[in-house]
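Structure file data-v7.txt (compact mmCIF, C-alpha atoms) follows.
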# COMPACT_ATOMS: atom_id res chain seq x y z
CA TYR A 244 -11.24 -33.50 -1.93
CA TRP A 245 -7.78 -34.99 -1.61
CA ILE A 246 -6.02 -35.21 -4.96
CA LYS A 247 -2.59 -36.48 -5.91
CA PRO A 248 -0.11 -33.78 -6.90
CA ASN A 249 1.21 -35.29 -10.14
CA LYS A 250 -2.02 -36.63 -11.60
CA ILE A 251 -4.08 -34.72 -14.15
CA ILE A 252 -7.50 -34.25 -12.57
CA LYS A 253 -10.65 -32.97 -14.26
CA TRP A 254 -13.50 -31.30 -12.44
CA GLY A 255 -15.77 -34.06 -13.70
CA ASP A 256 -13.56 -36.64 -11.98
CA LEU A 257 -14.51 -34.96 -8.71
CA GLY A 258 -18.18 -35.07 -9.56
CA LEU A 259 -18.23 -31.29 -10.05
CA GLN A 260 -18.95 -28.90 -12.89
CA THR A 261 -16.16 -26.58 -13.93
CA PRO A 262 -16.70 -23.44 -11.81
CA ASP A 263 -17.06 -19.91 -13.16
CA ILE A 264 -14.69 -18.61 -10.46
CA PHE A 265 -11.88 -20.62 -8.89
CA PHE A 266 -9.90 -19.40 -5.87
CA GLN A 267 -6.53 -21.10 -6.24
CA ALA A 268 -3.96 -21.27 -3.44
CA GLY A 269 -0.17 -21.14 -3.76
CA THR A 270 -0.01 -24.74 -4.97
CA TYR A 271 -0.93 -23.51 -8.47
CA TYR A 272 2.36 -24.75 -9.98
CA ILE A 273 1.70 -28.38 -8.95
CA LYS A 274 0.51 -30.42 -11.92
CA SER A 275 -2.94 -31.44 -10.68
CA PHE A 276 -3.83 -28.01 -9.28
CA LYS A 277 -2.45 -26.21 -12.33
CA ASN A 278 -4.66 -28.34 -14.56
CA LEU A 279 -7.80 -27.51 -12.57
CA GLY A 280 -7.13 -23.80 -12.92
CA GLN A 281 -6.42 -24.05 -16.63
CA GLN A 282 -9.69 -25.89 -17.20
CA VAL A 283 -11.53 -22.94 -15.64
CA LYS A 284 -9.67 -20.48 -17.86
CA LYS A 285 -10.32 -22.56 -20.97
CA LYS A 286 -14.07 -22.38 -20.34
CA GLY A 287 -13.96 -18.62 -19.91
CA GLY A 288 -13.96 -18.62 -16.09
CA LYS A 289 -11.86 -16.52 -13.73
CA VAL A 290 -9.02 -17.79 -11.54
CA ILE A 291 -8.12 -15.83 -8.42
CA LEU A 292 -4.72 -16.47 -6.87
CA LEU A 293 -4.54 -16.57 -3.06
CA SER A 294 -1.15 -15.43 -1.75
CA ASP A 295 0.01 -14.57 1.76
CA ASN A 296 3.64 -13.98 0.86
CA CYS A 297 5.03 -10.59 1.81
CA TYR A 298 7.50 -8.24 0.15
CA LYS A 299 11.08 -9.00 1.21
CA LYS A 300 13.18 -7.53 -1.64
CA ASN A 301 15.55 -10.51 -1.70
CA LEU A 302 17.16 -12.43 -4.57
CA ARG A 303 14.61 -15.24 -4.41
CA GLN A 304 11.75 -12.82 -4.97
CA VAL A 305 13.57 -11.07 -7.81
CA VAL A 306 13.99 -14.41 -9.57
CA GLY A 307 10.40 -15.32 -8.69
CA MET A 308 9.17 -12.05 -10.18
CA ILE A 309 10.83 -12.81 -13.50
CA LEU A 310 9.54 -16.39 -13.63
CA PHE A 311 6.04 -15.38 -12.57
CA ARG A 312 5.76 -12.69 -15.25
CA MET A 313 7.10 -15.06 -17.91
CA ILE A 314 5.11 -18.19 -17.03
CA PHE A 315 2.42 -17.90 -14.38
CA GLN A 316 0.86 -14.44 -14.54
CA ARG A 317 -1.39 -15.27 -17.51
CA TRP A 318 -2.97 -18.10 -15.49
CA PHE A 319 -4.73 -15.63 -13.18
CA ASN A 320 -7.29 -12.86 -13.49
CA ALA A 321 -6.63 -11.38 -10.06
CA VAL A 322 -4.92 -12.02 -6.73
CA TRP A 323 -6.21 -11.84 -3.14
CA VAL A 324 -3.60 -10.90 -0.51
CA PRO A 325 -3.78 -10.17 3.23
CA GLY A 326 -2.50 -6.58 3.19
CA LYS A 327 -0.11 -3.88 2.04
CA SER A 328 3.09 -5.93 1.91
CA GLY A 329 1.45 -8.63 -0.21
CA LYS A 330 -0.01 -5.97 -2.48
CA LYS A 331 3.44 -4.47 -3.00
CA LEU A 332 4.87 -7.89 -3.86
CA MET A 333 2.10 -8.68 -6.35
CA ARG A 334 2.65 -5.36 -8.10
CA THR A 335 6.23 -6.46 -8.77
CA TYR A 336 4.84 -9.77 -10.03
CA GLY A 337 2.93 -7.93 -12.75
CA PHE A 338 -0.60 -7.53 -11.39
CA SER A 339 -2.25 -4.12 -11.85
CA LYS A 340 -3.78 -2.25 -8.91
CA LYS A 341 -7.28 -3.24 -10.09
CA GLN A 342 -6.29 -6.92 -10.08
CA ILE A 343 -5.16 -6.95 -6.43
CA TYR A 344 -7.58 -7.33 -3.53
CA GLU A 345 -6.64 -7.03 0.14
CA GLY A 346 -8.23 -8.59 3.23
CA LEU A 347 -7.55 -12.29 2.58
CA TYR A 348 -7.42 -13.10 6.31
CA GLY A 349 -9.71 -12.25 9.19
CA VAL A 350 -9.99 -12.79 12.93
CA ASP A 351 -13.03 -13.88 14.93
CA ASN A 352 -13.97 -10.70 16.77
CA ASN A 353 -16.52 -12.58 18.87
CA CYS A 354 -13.62 -14.50 20.42
CA PHE A 355 -10.85 -11.88 20.35
CA LYS A 356 -12.31 -8.69 21.80
CA ALA A 357 -11.43 -5.74 23.98
CA GLY A 358 -10.58 -6.33 27.61
CA LYS A 359 -9.86 -3.94 30.44
CA PRO A 360 -7.82 -0.78 29.72
CA LEU A 361 -4.11 -1.60 29.57
CA TYR A 362 -3.17 0.34 32.70
CA LYS A 363 -5.57 -1.89 34.67
CA ARG A 364 -4.01 -5.10 33.37
CA SER A 365 -1.14 -7.02 34.93
CA LYS A 366 2.39 -5.99 34.04
CA GLN A 367 2.59 -8.82 31.56
CA PHE A 368 3.73 -9.47 28.01
CA ILE A 369 2.47 -12.40 25.95
CA PHE A 370 3.98 -14.54 23.19
CA VAL A 371 2.10 -17.19 21.20
CA GLY A 372 3.85 -19.40 18.64
CA ASN A 373 6.07 -22.36 17.92
CA PHE A 374 9.26 -22.55 19.96
CA ILE A 375 11.52 -22.60 16.90
CA PHE A 376 14.39 -20.51 15.58
CA LEU A 377 12.34 -18.72 12.89
CA LYS A 378 9.93 -17.40 15.52
CA GLY A 379 12.83 -15.53 17.11
CA VAL A 380 12.50 -17.16 20.52
CA LEU A 381 16.25 -17.00 21.23
CA THR A 382 16.19 -13.25 20.63
CA LEU A 383 13.17 -13.05 22.92
CA VAL A 384 14.97 -14.89 25.74
CA GLU A 385 18.08 -12.74 25.55
CA ALA A 386 16.05 -9.53 25.45
CA PHE A 387 13.80 -10.50 28.34
CA LYS A 388 16.75 -11.52 30.50
CA GLU A 389 18.24 -8.05 30.05
CA PHE A 390 14.86 -6.39 30.62
CA ASN A 391 14.18 -8.46 33.75
CA THR A 392 17.26 -7.13 35.53
CA CYS A 393 15.71 -3.65 35.73
CA HIS A 394 12.01 -4.60 35.65
CA PRO A 395 11.67 -7.81 37.70
CA GLU A 396 8.00 -7.05 38.42
CA TRP A 397 7.10 -7.65 34.77
CA LYS A 398 6.27 -11.16 33.55
CA ILE A 399 5.90 -12.84 30.18
CA LEU A 400 3.29 -15.49 29.44
CA ILE A 401 4.35 -17.89 26.67
CA PHE A 402 2.11 -20.32 24.77
CA GLY A 403 3.42 -22.92 22.32
CA ILE A 404 5.48 -26.04 21.77
CA GLY A 405 8.83 -26.79 20.18
CA PRO A 406 12.50 -27.61 20.66
CA TYR A 407 13.35 -24.43 22.60
CA ALA A 408 10.84 -25.07 25.39
CA LYS A 409 13.54 -25.69 28.03
CA ILE A 410 15.35 -22.47 27.17
CA LEU A 411 12.13 -20.49 27.47
CA LYS A 412 11.20 -22.12 30.78
CA ALA A 413 14.60 -21.12 32.19
CA CYS A 414 14.04 -17.47 31.32
CA PRO A 415 13.46 -15.35 34.46
CA GLY A 416 9.92 -14.00 34.68
CA ALA A 417 8.55 -16.45 32.10
CA THR A 418 5.55 -18.75 32.48
CA VAL A 419 5.44 -21.33 29.69
CA LYS A 420 2.31 -23.22 28.68
CA SER A 421 1.43 -25.53 25.81
CA PHE A 422 -0.77 -24.41 22.93
CA ALA A 423 -4.32 -23.70 24.08
CA GLN A 424 -7.75 -23.22 22.55
CA PRO A 425 -8.58 -19.75 21.14
CA SER A 426 -10.94 -19.05 24.04
CA GLU A 427 -8.08 -19.38 26.54
CA ILE A 428 -5.58 -17.46 24.39
CA SER A 429 -8.06 -14.61 23.96
CA LYS A 430 -8.68 -14.50 27.73
CA LYS A 431 -4.94 -14.25 28.44
CA MET A 432 -4.52 -11.59 25.76
CA ARG A 433 -7.17 -9.50 27.50
CA GLU A 434 -5.09 -9.80 30.67
CA SER A 435 -1.79 -8.78 29.00
CA ARG A 436 -0.51 -5.36 28.01
CA PHE A 437 1.70 -6.14 25.01
CA LEU A 438 2.15 -8.94 22.48
CA ILE A 439 5.76 -9.68 21.51
CA GLN A 440 6.32 -11.13 18.03
CA PRO A 441 10.10 -11.45 17.49
CA SER A 442 9.90 -13.53 14.29
CA ILE A 443 12.84 -13.87 11.94
CA VAL A 444 10.46 -14.88 9.11
CA ASP A 445 6.68 -14.48 9.38
CA HIS A 446 4.38 -13.61 6.47
CA TRP A 447 1.10 -12.94 8.24
CA PRO A 448 0.99 -14.13 11.87
CA LEU A 449 -2.68 -14.22 12.89
CA VAL A 450 -1.69 -13.72 16.51
CA VAL A 451 -0.95 -10.05 15.68
CA PRO A 452 -4.51 -9.04 14.69
CA GLU A 453 -5.84 -11.29 17.47
CA ALA A 454 -3.83 -9.28 19.98
CA ALA A 455 -4.86 -5.99 18.37
CA LEU A 456 -8.55 -6.91 18.68
CA SER A 457 -7.86 -7.71 22.33
CA GLY A 458 -6.56 -4.18 22.86
CA CYS A 459 -2.92 -5.22 23.35
CA GLY A 460 -0.02 -3.06 22.38
CA LEU A 461 2.36 -4.63 19.85
CA ILE A 462 6.12 -5.16 19.82
CA LEU A 463 7.04 -6.62 16.43
CA SER A 464 10.29 -7.38 14.64
CA SER A 465 10.94 -5.79 11.26
CA SER A 466 10.30 -9.19 9.62
CA VAL A 467 6.68 -9.49 10.74
CA GLY A 468 4.78 -9.27 7.46
CA ASN A 469 1.61 -7.61 8.77
CA ARG A 470 3.21 -4.93 10.92
CA MET A 471 2.17 -2.23 8.42
CA GLU A 472 -1.50 -3.11 8.95
CA PHE A 473 -1.52 -3.32 12.75
CA LEU A 474 1.37 -1.27 14.13
CA ASN A 475 2.18 2.41 14.07
CA HIS A 476 3.77 4.92 16.44
CA LYS A 477 0.57 5.07 18.50
CA ASN A 478 0.21 1.43 19.57
CA GLY A 479 3.62 -0.14 19.89
CA PHE A 480 7.18 -0.55 18.76
CA THR A 481 9.20 -2.24 16.05
CA TYR A 482 12.87 -3.17 16.06
CA GLN A 483 15.50 -4.63 13.76
CA VAL A 484 15.06 -8.39 13.49
CA LYS A 485 17.46 -10.57 15.55
CA SER A 486 18.59 -7.64 17.73
CA SER A 487 17.99 -8.62 21.37
CA LYS A 488 19.40 -5.26 22.51
CA LYS A 489 16.86 -3.31 20.47
CA LEU A 490 14.04 -5.61 21.54
CA ALA A 491 15.04 -5.05 25.19
CA ARG A 492 14.84 -1.29 24.62
CA CYS A 493 11.31 -1.72 23.21
CA LEU A 494 10.31 -3.70 26.30
CA LYS A 495 11.64 -0.95 28.54
CA ARG A 496 9.78 1.73 26.60
CA ALA A 497 6.55 -0.28 26.86
CA ALA A 498 7.03 -0.76 30.60
CA ASN A 499 7.48 2.99 31.17
CA LEU A 500 4.28 4.17 29.45
CA ASP A 501 1.83 6.08 31.64
CA ALA A 502 -1.93 5.49 31.82
CA GLN A 503 -2.74 8.16 29.21
CA LYS A 504 -0.33 6.71 26.68
CA LEU A 505 -1.55 3.18 27.40
CA ASP A 506 -5.09 4.32 26.60
CA GLU A 507 -3.85 5.60 23.25
CA VAL A 508 -2.15 2.25 22.59
CA TYR A 509 -5.33 0.38 23.50
CA ASN A 510 -7.65 2.44 21.30
CA GLU A 511 -5.34 2.41 18.29
CA SER A 512 -4.91 -1.38 18.40
CA LEU A 513 -8.67 -1.83 18.54
CA ARG A 514 -9.12 0.53 15.60
CA LEU A 515 -6.54 -1.21 13.40
CA GLY A 516 -7.76 -4.67 14.35
CA SER A 517 -11.34 -3.83 13.39
CA TYR A 518 -10.47 -3.87 9.67
CA TYR A 519 -9.82 -7.63 9.68
CA THR A 520 -13.02 -9.20 10.95
CA PRO A 521 -15.14 -11.93 9.26
CA LYS A 522 -17.59 -9.26 8.11
CA ASN A 523 -14.89 -7.37 6.25
CA TRP A 524 -13.55 -10.65 4.83
CA ALA A 525 -17.04 -11.42 3.48
CA ASN A 526 -17.31 -7.95 1.94
CA ASN A 527 -13.99 -8.47 0.15
CA PHE A 528 -15.07 -11.91 -1.05
CA CYS A 529 -18.35 -10.53 -2.44
CA LYS A 530 -16.53 -7.68 -4.17
CA ILE A 531 -14.25 -10.15 -5.99
CA ILE A 532 -17.25 -12.24 -7.04
CA ASN A 533 -19.13 -9.20 -8.32
CA ASP A 534 -16.08 -7.84 -10.16
CA CYS A 535 -15.60 -11.19 -11.89
CA LYS A 536 -19.13 -11.37 -13.30
Structure re-expressed in structure tokens:
Amino acid sequence: YWIKPNKIIKWGDLGLQTPDIFFQAGTYYIKSFKNLGQQVKKKGGKVILLSDNCYKKNLRQVVGMILFRMIFQRWFNAVWVPGKSGKKLMRTYGFSKKQIYEGLYGVDNNCFKAGKPLYKRSKQFIFVGNFIFLKGVLTLVEAFKEFNTCHPEWKILIFGIGPYAKILKACPGATVKSFAQPSEISKKMRESRFLIQPSIVDHWPLVVPEAALSGCGLILSSSVGNRMEFLNHKNGFTYQVKSSKKLARCLKRAANLDAQKLDEVYNESLRLGSYYTPKNWANNFCKIINDCK
């Protein structure tokens, strides 16, 4: 149903009964959506907030924490977040541990699945995302230029669209393609050794668990919100956001791993990715429903 943001809407206006449980996205503060949630609460139902924001410890979140505790917290019975960073944020927003559920997002493991062992794959990195500043593509270009001078045999496959397309196409060793269907992206992930995610701001990039389920190693900036779920010392590297020098060092470390270490990277990515499948999403959904009865 499409509803106008500033109009008071009742469930009956939509031809629906007021639900017992309402999963409400981050638009809860908009007049029409707020009213729908409050109708559920008034009738004794439960409202579950959906939030994919991650913990950043900045001034905006400090102010948001105060406002949320003062105004919005009482509107919700629980909150469903993707992972650890979101859970940490929601604790500061006043939710108890019992009120916070993880596993909001999942990846199709029938599409994104393990490929050949990494040491048998091409010497190739992969990036998937919009060609915009916040995705860190300028940092990526600078880092890969430096890396390419000592490892010209390595390539990077880039999928996406955006204003920095020309800059990316001019990067030595880069092959740039437009966005593609998941079936093609998953195939190319199974042919690549490492995903690079150099984002300056990114709450929960789905490409990270997609790559993990494909067996790829991960190179993620410190601003990637789901790095705690999918990256540890066994399956990749993290670096300080915006630092092309540190990203270049991560690329060099990845390029110098031997077959034994690459097997460890492969197996750990598959293990971590397995926690975010549709089956696990369904289990989390059912748990919330049962807890709300």
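Note that CA of Lys485 in chain A and CA of Ile462 in chain A are 13.3 Å apart.
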Would you compute, for all listed atoms of range 304-317 of chain A, the axis-aligned bounding box grown by 8 Å on each side, and then report its centre and edge lengths in Å rounded to one decimal, as lines of an AutoDock Vina configuration file?
center_x = 6.3
center_y = -14.6
center_z = -11.4
size_x = 31.4
size_y = 23.1
size_z = 28.9
Next item on the list: Excluding range 245-250 of chain A and residues on its chain fewer than 2 positions from it, collect all residues at most 9 Å away from it, counting all atoms listed in the file, and give them as a list in words.
Entry: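 So, after excluding close chain neighbours, the residues are Ile252, Ile273, Lys274, Ser275 and Phe276 of chain A.
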Give me the residues near Pro325 in chain A as an mmCIF file with C-alpha atoms, keeping the file's coordinate frame, where near means some atom within 8 Å (using all atoms listed in the file) and where sequence neighbours in that chain fewer than 6 positions away do not count.
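Output file out27.cif follows:
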data_model
loop_
_atom_site.group_PDB
_atom_site.id
_atom_site.type_symbol
_atom_site.label_atom_id
_atom_site.label_comp_id
_atom_site.auth_asym_id
_atom_site.auth_seq_id
_atom_site.Cartn_x
_atom_site.Cartn_y
_atom_site.Cartn_z
ATOM 1 C CA SER A 294 -1.150 -15.430 -1.750
ATOM 2 C CA ASP A 295 0.010 -14.570 1.760
ATOM 3 C CA GLU A 345 -6.640 -7.030 0.140
ATOM 4 C CA GLY A 346 -8.230 -8.590 3.230
ATOM 5 C CA LEU A 347 -7.550 -12.290 2.580
ATOM 6 C CA TYR A 348 -7.420 -13.100 6.310
ATOM 7 C CA TRP A 447 1.100 -12.940 8.240
#
For the contact check between range 439-519 of chain A and range 395-416 of chain A, emit one row per residue of range 439-519 of chain A within 10 Å, containing the shortest atom pair and the distance in Å rounded to one decimal, counting all atoms listed in the file, chain then rising number order, as JSON lines.
{"residue": "A:Ile439", "atom": "CA", "partner": "A:Ile399", "partner_atom": "CA", "distance": 9.2}
{"residue": "A:Leu494", "atom": "CA", "partner": "A:Trp397", "partner_atom": "CA", "distance": 9.9}
{"residue": "A:Ala498", "atom": "CA", "partner": "A:Trp397", "partner_atom": "CA", "distance": 8.1}
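Between CA of Cys459 in chain A and CA of Asn523 in chain A lies a distance of 21.0 Å.
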Checklist line | Pick from A:Ser464, A:Thr520, A:Ser487, A:Asn527, whichever lies nearest to Glu385 in chain A using all atoms listed in the file | finding: A:Ser487
